[in-house]
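With compact mmCIF, C-alpha atoms inside, this is my_file_10.txt:
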# COMPACT_ATOMS: atom_id res chain seq x y z
CA MET A 1144 142.07 32.93 90.14
CA ALA A 1145 145.10 33.47 92.35
CA THR A 1146 145.81 36.84 93.88
CA PRO A 1147 149.20 38.30 92.86
CA PRO A 1148 151.83 38.81 95.57
CA TRP A 1149 151.67 42.61 95.29
CA TRP A 1150 147.91 42.77 95.93
CA GLU A 1151 148.15 43.09 99.72
CA GLU A 1152 150.53 46.02 99.34
CA LEU A 1153 148.05 47.74 97.02
CA ILE A 1154 144.95 47.37 99.17
CA GLY A 1155 147.03 48.02 102.28
CA VAL A 1156 147.48 51.62 101.18
CA SER A 1157 143.96 52.58 102.24
CA GLU A 1158 140.98 51.15 104.09
CA VAL A 1159 138.85 52.53 101.25
CA LEU A 1160 140.61 50.20 98.80
CA ALA A 1161 140.62 47.26 101.22
CA ASN A 1162 136.90 47.66 101.92
CA ALA A 1163 136.09 47.92 98.21
CA ASP A 1164 138.08 44.76 97.50
CA ARG A 1165 136.37 42.83 100.33
CA ALA A 1166 132.96 43.93 99.07
CA GLY A 1167 133.84 42.85 95.55
CA ILE A 1168 134.87 39.40 96.75
CA VAL A 1169 131.68 38.98 98.78
CA ALA A 1170 129.58 39.97 95.77
CA TRP A 1171 131.58 37.59 93.53
CA ARG A 1172 131.08 34.63 95.85
CA GLY A 1173 127.39 35.31 96.26
CA PRO A 1174 125.00 34.39 99.05
CA ALA A 1175 125.93 30.69 99.11
CA ALA A 1176 129.52 31.51 100.13
CA ASP A 1177 128.62 31.20 103.82
CA MET A 1178 127.53 27.61 103.29
CA VAL A 1179 130.75 26.29 101.74
CA GLU A 1180 134.37 26.30 102.83
CA GLU A 1181 136.11 29.55 101.90
CA ASP A 1182 138.43 29.29 98.90
CA GLU A 1183 140.98 32.11 98.86
CA ASP A 1184 141.34 31.67 95.09
CA ASP A 1185 137.61 32.25 94.54
CA VAL A 1186 138.00 35.92 93.69
CA PRO A 1187 137.06 38.01 90.65
CA PRO A 1188 139.55 38.17 87.77
CA LEU A 1189 142.40 40.60 88.40
CA THR A 1190 141.22 43.06 85.75
CA VAL A 1191 137.78 43.20 87.39
CA ARG A 1192 139.28 43.74 90.85
CA LEU A 1193 141.57 46.49 89.55
CA GLY A 1194 138.67 48.10 87.70
CA ALA A 1195 136.72 48.26 90.95
CA LEU A 1196 139.69 49.87 92.70
CA GLY A 1197 140.14 52.38 89.87
CA ARG A 1198 136.49 53.33 90.09
CA VAL A 1199 136.66 53.72 93.88
CA PHE A 1200 139.93 55.67 93.63
CA GLY A 1201 138.22 58.16 91.33
CA GLU A 1202 134.81 58.29 93.02
CA GLN A 1203 136.19 58.56 96.56
CA SER A 1204 139.32 60.57 95.85
CA ALA A 1205 138.58 62.88 98.77
CA GLU A 1206 139.13 59.91 101.09
CA PHE A 1207 142.78 59.56 100.03
CA ILE A 1208 145.53 61.76 101.40
CA PRO A 1209 148.12 62.76 98.77
CA GLU A 1210 150.65 60.20 100.07
CA GLN A 1211 148.13 57.37 99.64
CA SER A 1212 147.31 58.43 96.10
CA ARG A 1213 151.00 58.64 95.30
CA ARG A 1214 151.70 55.18 96.74
CA VAL A 1215 148.86 53.60 94.76
CA LEU A 1216 149.95 55.18 91.49
CA GLN A 1217 153.64 54.42 92.05
CA LEU A 1218 152.94 50.77 92.85
CA LEU A 1219 150.77 50.39 89.76
CA GLU A 1220 153.47 52.02 87.65
CA ARG A 1221 156.04 49.59 89.00
CA ILE A 1222 153.78 46.67 88.10
CA GLN A 1223 153.34 47.98 84.56
CA ALA A 1224 157.05 48.66 84.11
CA GLU A 1225 158.56 45.65 85.88
CA GLY A 1226 155.79 43.12 86.52
CA SER A 1227 154.52 40.31 84.37
CA HIS A 1228 152.89 41.12 81.05
CA GLU A 1229 149.56 39.81 82.39
CA ASP A 1230 149.71 41.94 85.55
CA GLY A 1231 150.68 45.04 83.56
CA GLU A 1232 147.78 44.55 81.17
CA ALA A 1233 145.38 44.05 84.08
CA VAL A 1234 146.57 47.31 85.66
CA ALA A 1235 146.15 49.20 82.40
CA THR A 1236 142.82 47.77 81.30
CA GLY A 1237 141.41 47.47 84.80
CA PHE A 1238 142.57 50.33 86.97
CA PHE A 1239 143.51 53.00 84.44
CA GLU A 1240 140.54 52.53 82.13
CA ALA A 1241 138.26 52.79 85.19
CA LEU A 1242 140.15 55.87 86.33
CA LEU A 1243 139.76 57.48 82.90
CA ASN A 1244 136.05 56.68 83.08
CA ALA A 1245 135.91 58.36 86.51
CA TRP A 1246 137.61 61.38 84.90
CA ASP A 1247 134.85 61.42 82.26
CA ASN A 1248 132.39 61.48 85.16
CA GLY A 1249 134.00 64.40 87.01
CA PHE A 1250 137.07 63.03 88.82
CA ASP A 1251 139.88 65.61 88.71
CA LEU A 1252 142.56 63.40 87.17
CA SER A 1253 144.86 66.40 86.79
CA SER A 1254 145.11 66.53 90.60
CA VAL A 1255 147.04 63.24 90.66
CA TRP A 1256 148.57 63.26 87.16
CA ALA A 1257 152.00 64.31 88.47
CA ASP A 1258 152.14 61.00 90.37
CA VAL A 1259 151.15 58.88 87.37
CA GLY A 1260 154.26 57.19 85.97
CA PRO A 1261 155.41 57.19 82.34
CA GLU A 1262 154.05 53.72 81.44
CA SER A 1263 150.67 54.58 82.94
CA ARG A 1264 150.60 58.00 81.26
CA ALA A 1265 151.41 56.46 77.90
CA TYR A 1266 148.58 53.97 78.31
CA CYS A 1267 146.11 56.70 79.29
CA ARG A 1268 147.02 58.80 76.25
CA ALA A 1269 146.81 55.75 73.96
CA TRP A 1270 143.41 54.89 75.41
CA ASN A 1271 142.22 58.44 74.77
CA ASP A 1272 143.40 58.14 71.16
CA PHE A 1273 141.72 54.76 70.77
CA THR A 1274 138.40 56.00 72.18
CA GLY A 1275 138.49 59.34 70.38
CA VAL A 1276 138.84 61.43 73.54
CA GLU A 1277 140.89 64.58 73.08
CA THR A 1278 143.93 64.43 75.34
CA PRO A 1279 144.26 67.71 77.25
CA GLY A 1280 147.55 69.59 77.34
CA TRP A 1281 148.24 68.70 81.00
CA MET A 1282 148.35 65.02 79.99
CA ARG A 1283 151.13 65.51 77.48
What would you get if you wrote out this structure as structure tokens?
Amino acid sequence: MATPPWWEELIGVSEVLANADRAGIVAWRGPAADMVEEDEDDVPPLTVRLGALGRVFGEQSAEFIPEQSRRVLQLLERIQAEGSHEDGEAVATGFFEALLNAWDNGFDLSSVWADVGPESRAYCRAWNDFTGVETPGWMR
């Protein structure tokens, strides 16, 4: 699966994201990867990669300065609003569903909610409705 052109910008925001992505690729390729020629397209599906970044973003939120969090969320919003349909769906179902799961597990989503764009907010609220999670007032 090819990596989209905006990917380097996303993982370039933080070493935490870049390290998580590298670890995900190594795990995907498995132990035999060292014995064959590296294939840059041999990476997990985009939704899986974004899910891993969403999980890390939530679990390691203390590692991100506010500007990094803002840049990540603004870039993902731009992809949802202006990118391809496939990329937008991957962002929503990968990153934001993982982030909502991190919120269920204690991540303070309200601390970054002001930086979440309108497309991303709408998806998060729709996901809450779909899964039966009550949407708090600060999400409205």
*Report the distance between CA of Leu1193 in chain A and CA of Val1234 in chain A in Å, rounded to one decimal place.*
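Interatomic distance, CA of Leu1193 in chain A to CA of Val1234 in chain A: 6.4 Å.
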Edge lengths and centre, in Å to one decimal, as lines of an AutoDock Vina configuration file: that's what I need for the box along x, y and z that holds all listed atoms of range 1209-1213 of chain A plus 3 Å on each side.
center_x = 149.2
center_y = 60.1
center_z = 97.7
size_x = 9.7
size_y = 11.4
size_z = 10.8
*Could you jot down the CA of Asp1272 in chain A to CA of Ala1241 in chain A separation for me, Å, one decimal place?*
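Between CA of Asp1272 in chain A and CA of Ala1241 in chain A the gap works out to 15.9 Å.
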*Which of these residues is nearest to Trp1256 in chain A, using only C-alpha atoms: A:Leu1216, A:Val1276, A:Ala1233, A:Ala1224?*
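For Trp1256 in chain A, the nearest of the given residues is A:Leu1216.
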*Can you work out which one of A:Leu1252, A:Ala1195, A:Leu1243, A:Val1156 has the shortest atom-to-atom distance to Ile1208 in chain A, counting all atoms listed in the file?*
A:Val1156
_I want to know what sits within 9 Å of Val1255 in chain A, based on only C-alpha atoms, with residues of the same chain fewer than 4 positions away left out; could you give that as a list in words?_
Pro1209, Ser1212, Arg1213, Leu1216, Asp1251 and Val1259 of chain A
Resulting file, chosen residues, C-alpha atoms, as a PDB file, in the coordinates of the input:
ATOM      1  CA  PRO A1209     148.120  62.760  98.770  1.00  0.00           C
ATOM      2  CA  SER A1212     147.310  58.430  96.100  1.00  0.00           C
ATOM      3  CA  ARG A1213     151.000  58.640  95.300  1.00  0.00           C
ATOM      4  CA  LEU A1216     149.950  55.180  91.490  1.00  0.00           C
ATOM      5  CA  ASP A1251     139.880  65.610  88.710  1.00  0.00           C
ATOM      6  CA  VAL A1259     151.150  58.880  87.370  1.00  0.00           C
TER       7      VAL A1259
END
*May I ask for the distance between CA of Val1199 in chain A and CA of Ala1245 in chain A, given in Å to one decimal place?*
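It comes out at 8.7 Å.
For the set A:Glu1220, A:Glu1240, A:Glu1210, A:Asp1164, the residue with the smallest atom-to-atom gap to Thr1274 in chain A is A:Glu1240, counting all atoms listed in the file.
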_Long-range neighbours of Val1186 in chain A as an NGL selection string, 10 Å cut-off, all atoms listed in the file, 3 positions minimum in chain_ = :A and (1144-1146 or 1164-1165 or 1167-1172 or 1182-1183 or 1189 or 1191-1192)
_Using all atoms listed in the file: which of A:Asn1271, A:Gln1217, A:Ser1204, A:Ser1263 has the shortest distance to Asp1247 in chain A_ =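 Counting all atoms listed in the file, the residue closest to Asp1247 in chain A is A:Asn1271.
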_Close residues, Ser1227 in chain A itself excluded, 12 Å, only C-alpha atoms, min 5 positions apart in chain, as a VMD selection string_ = chain A and resid 1147 to 1149 1221 to 1222 1232 to 1234
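Proximity to Tyr1266 in chain A was assessed for A:Ala1166, A:Trp1281, A:Gly1249, A:Thr1236 counting all atoms listed in the file; the smallest distance is recorded for A:Thr1236.
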*Write out as a PyMOL selection string each polymer residue whose atoms come within 8 Å of Met1282 in chain A, counting all atoms listed in the file; drop sequence neighbours fewer than 3 positions from it.*
chain A and resi 1253+1256+1264+1268+1278-1279
